[in-house]
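> My file is protein.txt. It has compact mmCIF, C-alpha atoms:
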```txt
# COMPACT_ATOMS: atom_id res chain seq x y z
CA MET A 241 -5.21 -26.99 44.76
CA SER A 242 -2.54 -29.51 45.61
CA ASP A 243 -1.10 -28.18 48.84
CA SER A 244 -1.79 -29.81 52.16
CA TYR A 245 -3.88 -26.94 53.49
CA SER A 246 -6.55 -27.06 50.84
CA GLN A 247 -6.74 -30.86 50.79
CA ALA A 248 -6.93 -31.22 54.51
CA PRO A 249 -10.67 -30.98 55.29
CA THR A 250 -11.51 -33.96 53.10
CA ALA A 251 -8.44 -36.01 53.83
CA GLY A 252 -9.70 -39.04 55.67
CA GLY A 253 -12.20 -37.69 58.16
CA MET A 254 -9.69 -35.90 60.34
CA PRO A 255 -10.87 -37.18 63.73
CA GLY A 256 -8.45 -34.97 65.60
CA ARG A 257 -9.40 -31.84 63.73
CA VAL A 258 -10.96 -29.89 66.56
CA ALA A 259 -8.19 -30.59 68.97
CA ILE A 260 -5.56 -29.80 66.38
CA GLN A 261 -7.12 -26.43 65.68
CA THR A 262 -6.54 -25.11 69.19
CA PRO A 263 -4.55 -21.89 69.18
CA GLY A 264 -0.86 -22.33 68.76
CA ASN A 265 2.01 -21.08 66.74
CA PRO A 266 0.57 -20.24 63.34
CA HIS A 267 3.87 -21.11 61.71
CA ASP A 268 3.85 -24.56 63.16
CA GLY A 269 2.58 -25.90 59.86
CA HIS A 270 2.93 -29.59 60.56
CA SER A 271 0.70 -29.82 63.58
CA HIS A 272 -2.60 -28.71 62.03
CA PRO A 273 -4.21 -29.52 58.72
CA HIS A 274 -5.74 -26.08 58.14
CA HIS A 275 -4.12 -22.86 57.20
CA PRO A 276 -4.70 -20.67 60.28
CA LYS A 277 -6.24 -17.99 58.07
CA LEU A 278 -8.86 -20.31 56.57
CA GLN A 279 -12.35 -19.32 57.71
CA HIS A 280 -14.59 -22.27 58.53
CA HIS A 281 -17.22 -21.40 55.91
CA PHE A 282 -14.80 -21.90 53.02
CA ASP A 283 -13.72 -25.25 51.61
CA ASP A 284 -10.14 -24.23 50.98
CA MET A 285 -7.77 -21.29 50.63
CA ALA A 286 -8.37 -20.99 46.88
CA GLN A 287 -12.12 -20.65 47.32
CA GLN A 288 -11.61 -18.14 50.11
CA ALA A 289 -9.23 -16.02 48.00
CA GLU A 290 -11.62 -16.13 45.05
CA ALA A 291 -14.57 -15.04 47.17
CA SER A 292 -12.58 -12.10 48.58
CA THR A 293 -11.44 -11.01 45.13
CA LEU A 294 -14.97 -11.22 43.75
CA GLY A 295 -16.30 -9.27 46.74
CA MET A 296 -13.73 -6.56 46.11
CA TRP A 297 -14.73 -6.38 42.46
CA VAL A 298 -18.38 -5.93 43.44
CA PHE A 299 -17.29 -3.05 45.67
CA LEU A 300 -15.25 -1.59 42.81
CA VAL A 301 -18.34 -1.70 40.57
CA THR A 302 -20.12 0.52 43.11
CA GLU A 303 -17.06 2.78 42.98
CA ILE A 304 -17.28 2.93 39.17
CA MET A 305 -20.88 4.13 39.52
CA PHE A 306 -19.88 6.54 42.34
CA PHE A 307 -17.29 8.28 40.16
CA GLY A 308 -19.56 7.61 37.17
CA GLY A 309 -22.08 10.17 38.39
CA LEU A 310 -19.36 12.82 38.32
CA PHE A 311 -18.15 11.70 34.89
CA MET A 312 -21.78 12.02 33.76
CA ALA A 313 -21.91 15.59 35.08
CA TYR A 314 -18.64 16.35 33.28
CA LEU A 315 -19.94 14.92 30.00
CA LEU A 316 -23.22 16.82 30.16
CA TYR A 317 -21.77 20.21 31.11
CA ARG A 318 -18.92 19.91 28.66
CA TRP A 319 -21.41 19.09 25.91
CA ALA A 320 -23.40 22.19 26.93
CA ASN A 321 -20.29 24.47 27.25
CA PRO A 322 -17.59 23.14 24.89
CA MET A 323 -15.73 26.44 24.46
CA GLY A 324 -15.98 27.44 28.10
CA PHE A 325 -14.55 24.08 29.19
CA GLN A 326 -11.63 24.42 26.78
CA GLU A 327 -10.87 27.91 28.03
CA ALA A 328 -11.06 26.81 31.69
CA SER A 329 -8.98 23.68 31.07
CA SER A 330 -6.21 25.70 29.39
CA HIS A 331 -5.50 27.31 32.79
CA LEU A 332 -4.59 24.02 34.47
CA ASN A 333 -0.91 23.14 34.69
CA VAL A 334 -0.54 20.26 32.23
CA TRP A 335 3.00 19.43 33.41
CA LEU A 336 1.99 18.99 37.04
CA GLY A 337 -0.89 16.80 35.84
CA ALA A 338 1.39 14.73 33.60
CA PHE A 339 3.96 14.37 36.41
CA ASN A 340 1.23 13.14 38.76
CA THR A 341 0.00 10.68 36.12
CA ALA A 342 3.52 9.23 35.87
CA VAL A 343 3.77 9.07 39.68
CA LEU A 344 0.50 7.14 39.96
CA ILE A 345 1.41 4.74 37.16
CA PHE A 346 4.73 4.11 38.88
CA SER A 347 2.89 3.52 42.16
CA SER A 348 0.72 0.94 40.40
CA LEU A 349 3.89 -0.86 39.35
CA THR A 350 5.27 -0.87 42.91
CA MET A 351 1.86 -2.07 44.16
CA ALA A 352 1.84 -4.91 41.63
CA MET A 353 5.37 -5.77 42.82
CA ALA A 354 4.19 -5.76 46.45
CA VAL A 355 1.44 -8.25 45.61
CA ARG A 356 3.95 -10.33 43.67
CA ALA A 357 6.37 -10.29 46.61
CA ALA A 358 3.63 -11.70 48.86
CA GLN A 359 2.55 -14.22 46.19
CA THR A 360 6.08 -15.56 45.90
CA SER A 361 6.66 -15.67 49.69
CA ALA A 362 9.38 -13.05 49.38
CA PRO A 363 10.90 -11.94 52.72
CA ALA A 364 8.76 -9.55 54.78
CA LYS A 365 11.44 -6.92 54.23
CA SER A 366 10.90 -6.79 50.47
CA GLN A 367 7.09 -6.90 50.81
CA VAL A 368 7.31 -3.93 53.18
CA MET A 369 9.72 -2.13 50.86
CA TRP A 370 7.32 -2.25 47.87
CA LEU A 371 4.39 -1.18 50.03
CA VAL A 372 6.33 1.74 51.50
CA ALA A 373 7.41 2.78 47.97
CA THR A 374 3.74 2.77 46.93
CA MET A 375 2.77 4.93 49.92
CA ILE A 376 5.58 7.40 49.25
CA LEU A 377 4.49 7.77 45.61
CA GLY A 378 0.89 8.26 46.78
CA ALA A 379 2.09 10.98 49.16
CA VAL A 380 4.05 12.67 46.34
CA PHE A 381 0.85 12.71 44.25
CA LEU A 382 -1.09 14.32 47.10
CA GLY A 383 1.73 16.84 47.67
CA VAL A 384 1.54 17.98 44.04
CA LYS A 385 -2.23 18.18 44.42
CA VAL A 386 -1.77 20.51 47.42
CA VAL A 387 0.44 22.80 45.29
CA GLU A 388 -2.19 22.84 42.53
CA TYR A 389 -5.09 23.53 44.89
CA ALA A 390 -3.14 26.32 46.63
CA ASP A 391 -2.57 27.90 43.22
CA LYS A 392 -6.32 27.85 42.50
CA PHE A 393 -7.03 29.63 45.78
CA LYS A 394 -4.35 32.20 44.99
CA HIS A 395 -5.82 32.93 41.56
CA HIS A 396 -9.44 32.88 42.72
CA THR A 397 -10.47 30.03 40.47
CA VAL A 398 -12.22 28.24 43.34
CA PRO A 399 -16.00 28.29 42.66
CA GLY A 400 -18.00 30.45 45.02
CA PRO A 401 -18.44 34.14 45.84
CA HIS A 402 -14.74 34.90 45.26
CA PHE A 403 -14.50 33.26 41.86
CA VAL A 404 -12.81 35.55 39.33
CA TRP A 405 -12.43 34.81 35.63
CA ASP A 406 -10.90 37.09 32.98
CA GLY A 407 -11.83 34.97 30.00
CA GLN A 408 -14.81 34.93 27.69
CA TYR A 409 -16.78 32.27 29.54
CA PRO A 410 -16.82 32.97 33.30
CA ALA A 411 -20.03 31.00 33.99
CA ALA A 412 -18.82 27.87 32.17
CA ALA A 413 -15.38 28.21 33.79
CA GLU A 414 -16.97 28.21 37.23
CA ILE A 415 -18.88 25.03 36.35
CA PHE A 416 -15.65 23.47 35.05
CA TYR A 417 -13.81 24.27 38.29
CA SER A 418 -16.72 22.98 40.38
CA ILE A 419 -16.45 19.67 38.55
CA TYR A 420 -12.65 19.81 38.75
CA PHE A 421 -12.70 20.15 42.54
CA CYS A 422 -15.42 17.50 43.01
CA MET A 423 -13.68 14.93 40.83
CA THR A 424 -10.07 15.50 41.89
CA GLY A 425 -11.24 15.98 45.49
CA LEU A 426 -13.09 12.66 45.58
CA HIS A 427 -10.09 11.06 43.91
CA ALA A 428 -7.73 12.58 46.51
CA VAL A 429 -9.94 11.28 49.33
CA HIS A 430 -9.59 7.82 47.79
CA MET A 431 -5.82 8.26 47.73
CA VAL A 432 -5.77 9.20 51.43
CA ILE A 433 -7.91 6.16 52.29
CA GLY A 434 -5.64 4.04 50.08
CA ILE A 435 -2.56 5.16 52.00
CA GLY A 436 -4.40 4.36 55.25
CA ILE A 437 -5.19 0.84 54.02
CA MET A 438 -1.59 0.47 52.90
CA LEU A 439 -0.28 1.39 56.37
CA TRP A 440 -2.36 -1.43 57.82
CA ILE A 441 -1.25 -3.91 55.13
CA THR A 442 2.38 -2.88 55.67
CA TRP A 443 1.99 -3.53 59.41
CA MET A 444 0.63 -7.02 58.62
CA ALA A 445 3.42 -7.66 56.10
CA ALA A 446 6.05 -6.61 58.64
CA ARG A 447 4.59 -9.18 61.03
CA ARG A 448 5.09 -11.88 58.37
CA GLN A 449 1.37 -12.44 57.80
CA PHE A 450 1.65 -12.97 54.05
CA ASP A 451 3.07 -15.75 51.93
CA SER A 452 2.12 -17.75 48.86
CA ASN A 453 -0.66 -19.50 50.81
CA TYR A 454 -2.27 -16.33 52.09
CA TYR A 455 -1.89 -12.88 50.56
CA THR A 456 -5.50 -11.85 49.96
CA PRO A 457 -5.31 -8.55 51.91
CA VAL A 458 -2.38 -7.37 49.74
CA GLU A 459 -4.16 -8.49 46.58
CA VAL A 460 -7.41 -6.74 47.54
CA ALA A 461 -5.62 -3.54 48.64
CA GLY A 462 -3.85 -3.67 45.27
CA LEU A 463 -7.17 -3.87 43.41
CA TYR A 464 -8.32 -0.74 45.23
CA TRP A 465 -5.09 1.12 44.51
CA HIS A 466 -5.12 0.23 40.81
CA PHE A 467 -8.76 1.31 40.56
CA VAL A 468 -7.87 4.75 41.94
CA ASP A 469 -5.08 4.88 39.34
CA ILE A 470 -7.60 4.12 36.57
CA VAL A 471 -9.85 6.98 37.69
CA TRP A 472 -6.88 9.34 37.35
CA ILE A 473 -6.00 7.89 33.92
CA PHE A 474 -9.36 9.31 32.76
CA LEU A 475 -9.34 12.49 34.87
CA PHE A 476 -5.98 13.68 33.56
CA PRO A 477 -6.85 13.99 29.84
CA LEU A 478 -10.47 15.05 30.46
CA LEU A 479 -9.56 17.88 32.83
CA TYR A 480 -6.04 18.98 31.84
CA LEU A 481 -5.70 18.36 28.13
CA ILE A 482 -8.88 19.56 26.40
CA GLY A 483 -7.71 23.19 26.24
CA ARG A 484 -4.09 22.71 25.18
CA HIS A 485 -4.56 23.44 21.49
CA TYR A 486 -7.05 26.17 22.24
CA GLY A 487 -5.62 29.62 21.68
CA GLY A 488 -8.51 31.82 22.66
CA HIS A 489 -7.97 33.50 26.01
CA MET B 169 -2.24 -23.00 45.57
CA SER B 170 -4.73 -20.41 46.72
CA ALA B 171 -5.69 -18.73 43.45
CA GLY B 172 -3.12 -16.75 41.68
CA HIS B 173 -1.00 -16.74 38.66
CA VAL B 174 2.37 -15.15 39.38
CA ALA B 175 3.14 -12.81 36.50
CA PRO B 176 6.78 -12.35 35.52
CA ILE B 177 8.46 -9.09 36.59
CA LYS B 178 9.33 -8.39 32.95
CA MET B 179 5.64 -8.34 32.09
CA TYR B 180 4.85 -5.82 34.83
CA VAL B 181 7.70 -3.58 33.68
CA ALA B 182 6.48 -3.85 30.07
CA ILE B 183 2.96 -2.82 31.12
CA PHE B 184 4.43 0.09 33.10
CA MET B 185 6.42 1.24 30.05
CA ALA B 186 3.32 0.98 27.82
CA LEU B 187 1.37 3.11 30.30
CA MET B 188 4.14 5.73 30.33
CA VAL B 189 4.29 5.82 26.53
CA GLY B 190 0.50 6.21 26.44
CA THR B 191 0.77 9.18 28.81
CA ILE B 192 3.48 10.86 26.72
CA VAL B 193 1.52 10.35 23.48
CA THR B 194 -1.71 11.67 24.96
CA VAL B 195 0.06 14.83 26.23
CA ALA B 196 1.80 15.34 22.86
CA VAL B 197 -1.44 14.92 20.90
CA ALA B 198 -3.19 17.50 23.09
CA PHE B 199 -0.92 20.25 21.74
CA PHE B 200 -2.20 19.80 18.17
CA ASP B 201 -5.65 20.63 16.88
CA PHE B 202 -7.23 17.58 15.27
CA GLY B 203 -10.76 18.83 15.77
CA TYR B 204 -13.08 16.24 17.28
CA MET B 205 -10.36 13.61 16.73
CA ASN B 206 -8.51 15.02 19.76
CA ASN B 207 -11.23 13.58 21.96
CA VAL B 208 -11.31 10.28 20.12
CA ILE B 209 -7.52 9.78 20.38
CA MET B 210 -7.45 10.90 24.03
CA LEU B 211 -10.23 8.52 25.04
CA ALA B 212 -8.83 5.62 22.98
CA ILE B 213 -5.49 5.99 24.80
CA ALA B 214 -7.19 6.30 28.22
CA VAL B 215 -9.34 3.20 27.60
CA THR B 216 -6.28 1.23 26.43
CA LYS B 217 -4.34 2.27 29.54
CA ALA B 218 -7.27 1.34 31.80
CA LEU B 219 -7.57 -2.05 30.09
CA LEU B 220 -3.85 -2.74 30.62
CA VAL B 221 -4.20 -1.93 34.32
CA VAL B 222 -7.36 -4.05 34.72
CA LEU B 223 -6.08 -7.05 32.80
CA PHE B 224 -2.50 -7.23 34.11
CA PHE B 225 -2.01 -5.20 37.30
CA MET B 226 -5.45 -6.22 38.58
CA HIS B 227 -4.98 -9.82 37.41
CA VAL B 228 -8.33 -10.05 35.61
CA ARG B 229 -6.55 -11.73 32.70
CA TRP B 230 -6.03 -14.71 34.99
CA GLY B 231 -9.29 -14.24 36.90
CA THR B 232 -12.41 -16.40 36.91
CA ARG B 233 -15.17 -15.79 34.39
CA LEU B 234 -17.31 -14.46 37.21
CA THR B 235 -14.72 -11.72 37.80
CA TRP B 236 -14.79 -10.85 34.08
CA VAL B 237 -18.58 -10.57 34.15
CA VAL B 238 -18.69 -8.45 37.32
CA ALA B 239 -15.92 -6.09 36.16
CA GLY B 240 -17.43 -5.84 32.67
CA ALA B 241 -20.91 -5.18 34.08
CA GLY B 242 -19.64 -2.13 35.99
CA PHE B 243 -18.32 -0.46 32.85
CA PHE B 244 -21.31 -1.59 30.78
CA TRP B 245 -23.81 -0.03 33.19
CA LEU B 246 -21.74 3.16 33.18
CA LEU B 247 -22.16 3.32 29.40
CA ILE B 248 -25.91 2.75 29.76
CA MET B 249 -26.07 5.72 32.13
CA PHE B 250 -24.10 7.95 29.74
CA THR B 251 -26.11 6.86 26.69
CA LEU B 252 -29.58 7.24 28.18
CA THR B 253 -28.81 10.56 29.88
CA MET B 254 -27.29 12.08 26.75
CA ALA B 255 -30.08 10.66 24.60
CA ASP B 256 -32.42 12.70 26.76
CA TYR B 257 -30.48 15.98 26.85
CA MET B 258 -29.36 15.92 23.23
CA THR B 259 -32.87 15.44 21.89
CA ARG B 260 -34.64 18.05 24.02
CA GLY B 261 -36.31 20.67 21.91
CA MET B 262 -36.28 18.49 18.82
CA ILE B 263 -40.04 18.54 18.88
CA ALA B 264 -41.29 22.12 18.84
CA GLY B 265 -42.40 23.40 22.21
CA THR B 266 -40.90 20.60 24.35
CA LEU B 267 -37.70 22.36 25.40
CA ARG B 268 -37.25 22.33 29.22
```
Can you present the structure in this file as structure tokens?

Amino acid sequence: MSDSYSQAPTAGGMPGRVAIQTPGNPHDGHSHPHHPKLQHHFDDMAQQAEASTLGMWVFLVTEIMFFGGLFMAYLLYRWANPMGFQEASSHLNVWLGAFNTAVLIFSSLTMAMAVRAAQTSAPAKSQVMWLVATMILGAVFLGVKVVEYADKFKHHTVPGPHFVWDGQYPAAAEIFYSIYFCMTGLHAVHMVIGIGIMLWITWMAARRQFDSNYYTPVEVAGLYWHFVDIVWIFLFPLLYLIGRHYGGH
Amino acid sequence: MSAGHVAPIKMYVAIFMALMVGTIVTVAVAFFDFGYMNNVIMLAIAVTKALLVVLFFMHVRWGTRLTWVVAGAGFFWLLIMFTLTMADYMTRGMIAGTLR
């Protein structure tokens, strides 16, 4: 709380404040007491950043409940069809799932590094580099997902009139794949939106919008990205791994 | 400074490595039959990984108490939903003639 921006509003009345705030070069730090990104309803940059972070967390709580409904459906139907779920799960490609898990974890690291680059006022070039790396890893994840989905269509394990199942539990398998497509589909939509947000943040970073005084958009985009990673951390074992030790098909 | 502890790069890399190890262990465990323990181990690893992401990558470790409460409330309410729903389904039919 010791920098000039956050102290400014209370520093001695500031008679010239209105005049000083007229539009000008935002990098011309010495001529105005406020950070140009400080909204008038906040006391200082720290309070503003805290409010944004808290707001994002409230949104993420709604996201937890959004995905939570699907996790609830998974829990209930798996409890009702334990053997059918194991049989259906054993047909998923565990290696593609594990590869994608590693890709997403790596993308969380690059995202954390992007936030850190902004926090430490690293050059725009390195901020952009970490953000682009995160987007590329997100795209790799979605590419693998496309391969997996295509495989399901090829083998008729997409729920609906063309669903075909050779195993012992066709009805439970169809429920499993319904839940599989809903959960991984909603997750993939979040990934696409995440990449969209990242494009915008990268554009801002390239225009030198972020430094140690103001990096909230990167931080908040990071929270979203990490949340989507967490969803996958649960989806991977619950969908791909429950049938691995199951020999019956 | 506008909110924000800058975590050392080494710490981020360490968290990343821990997450990768967790992934490898969870895949390895899935190939053995430990009965119901498979689920317990799998979920314990997933929860640990999620906690690492929340606390370090999402900076909650250095966050305000309000952030802790809000983030915690989300997961707590999720557990309430799971518990109450399963308490319903798992006990249906326990009293004769009440099934469905």
> Excluding Phe200 in chain B and its own-chain neighbours fewer than 3 positions away, which residues fall within 12 Å of it when counting only C-alpha atoms? Please give them as a PDB file with C-alpha atoms, keeping the file's coordinate frame.

```pdb
ATOM      1  CA  LEU A 481      -5.700  18.360  28.130  1.00  0.00           C
ATOM      2  CA  ILE A 482      -8.880  19.560  26.400  1.00  0.00           C
ATOM      3  CA  GLY A 483      -7.710  23.190  26.240  1.00  0.00           C
ATOM      4  CA  ARG A 484      -4.090  22.710  25.180  1.00  0.00           C
ATOM      5  CA  HIS A 485      -4.560  23.440  21.490  1.00  0.00           C
ATOM      6  CA  TYR A 486      -7.050  26.170  22.240  1.00  0.00           C
ATOM      7  CA  GLY A 487      -5.620  29.620  21.680  1.00  0.00           C
TER       8      GLY A 487
ATOM      9  CA  VAL B 193       1.520  10.350  23.480  1.00  0.00           C
ATOM     10  CA  THR B 194      -1.710  11.670  24.960  1.00  0.00           C
ATOM     11  CA  VAL B 195       0.060  14.830  26.230  1.00  0.00           C
ATOM     12  CA  ALA B 196       1.800  15.340  22.860  1.00  0.00           C
ATOM     13  CA  VAL B 197      -1.440  14.920  20.900  1.00  0.00           C
ATOM     14  CA  GLY B 203     -10.760  18.830  15.770  1.00  0.00           C
ATOM     15  CA  TYR B 204     -13.080  16.240  17.280  1.00  0.00           C
ATOM     16  CA  MET B 205     -10.360  13.610  16.730  1.00  0.00           C
ATOM     17  CA  ASN B 206      -8.510  15.020  19.760  1.00  0.00           C
ATOM     18  CA  ASN B 207     -11.230  13.580  21.960  1.00  0.00           C
ATOM     19  CA  ILE B 209      -7.520   9.780  20.380  1.00  0.00           C
ATOM     20  CA  MET B 210      -7.450  10.900  24.030  1.00  0.00           C
TER      21      MET B 210
END
```
> Just need the residues of chain A within 7 Å of chain B, counting all atoms listed in the file, so spit them out as a PyMOL selection string.
chain A and resi 241-243+285-286+289-290+294+297-298+301+304-305+308+312+342+345+349+352+356+359+453+463+466+470+473-474+477+481-482+484-485
> Can you pull out the residues contacting Pro457 in chain A? Cut-off 9 Å, using all atoms listed in the file, and skip same-chain residues under 6 positions away; I want them as a PyMOL selection string.
chain A and resi 292+441+450
> Looking at A:Tyr417, A:Leu310, A:Met438, A:Glu303, which one is nearest to Glu459 in chain A, with distances taken over all atoms listed in the file?
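When distances to Glu459 in chain A are compared using all atoms listed in the file, the smallest one comes from A:Met438.
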> Which residues, written as a list in words, have at least one atom at most 10 Å from Ala413 in chain A, with only C-alpha atoms counted and residues fewer than 2 positions away on the same chain left out?
Asn321, Met323, Gly324, Phe325, Gln326, Glu327, Ala328, Ser329, His331, Thr397, Pro399, Phe403, Val404, Trp405, Asp406, Gly407, Gln408, Tyr409, Pro410, Ala411, Ile415, Phe416, Tyr417, Ser418 and Ile419 of chain A
> Quick one: pull the distance between CA of Thr374 in chain A and CA of Phe346 in chain A, Å, one decimal.
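Result for CA of Thr374 in chain A versus CA of Phe346 in chain A: 8.2 Å, one decimal.
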> Counting all atoms listed in the file, find the residues whose atoms lie at most 9 Å from (3.2, 2.8, 55.3) (file coordinates) and write them out as a PyMOL selection string.
chain A and resi 368+371-376+435-443
> So how far away is CA of Lys277 in chain A from CA of Tyr454 in chain A, in Å?
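The value is 7.4 Å.
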> Work out how far CA of Met296 in chain A is from CA of Gly425 in chain A, in Å to one decimal.
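About the pair CA of Gly425 in chain A and CA of Met296 in chain A: they are 22.7 Å apart.
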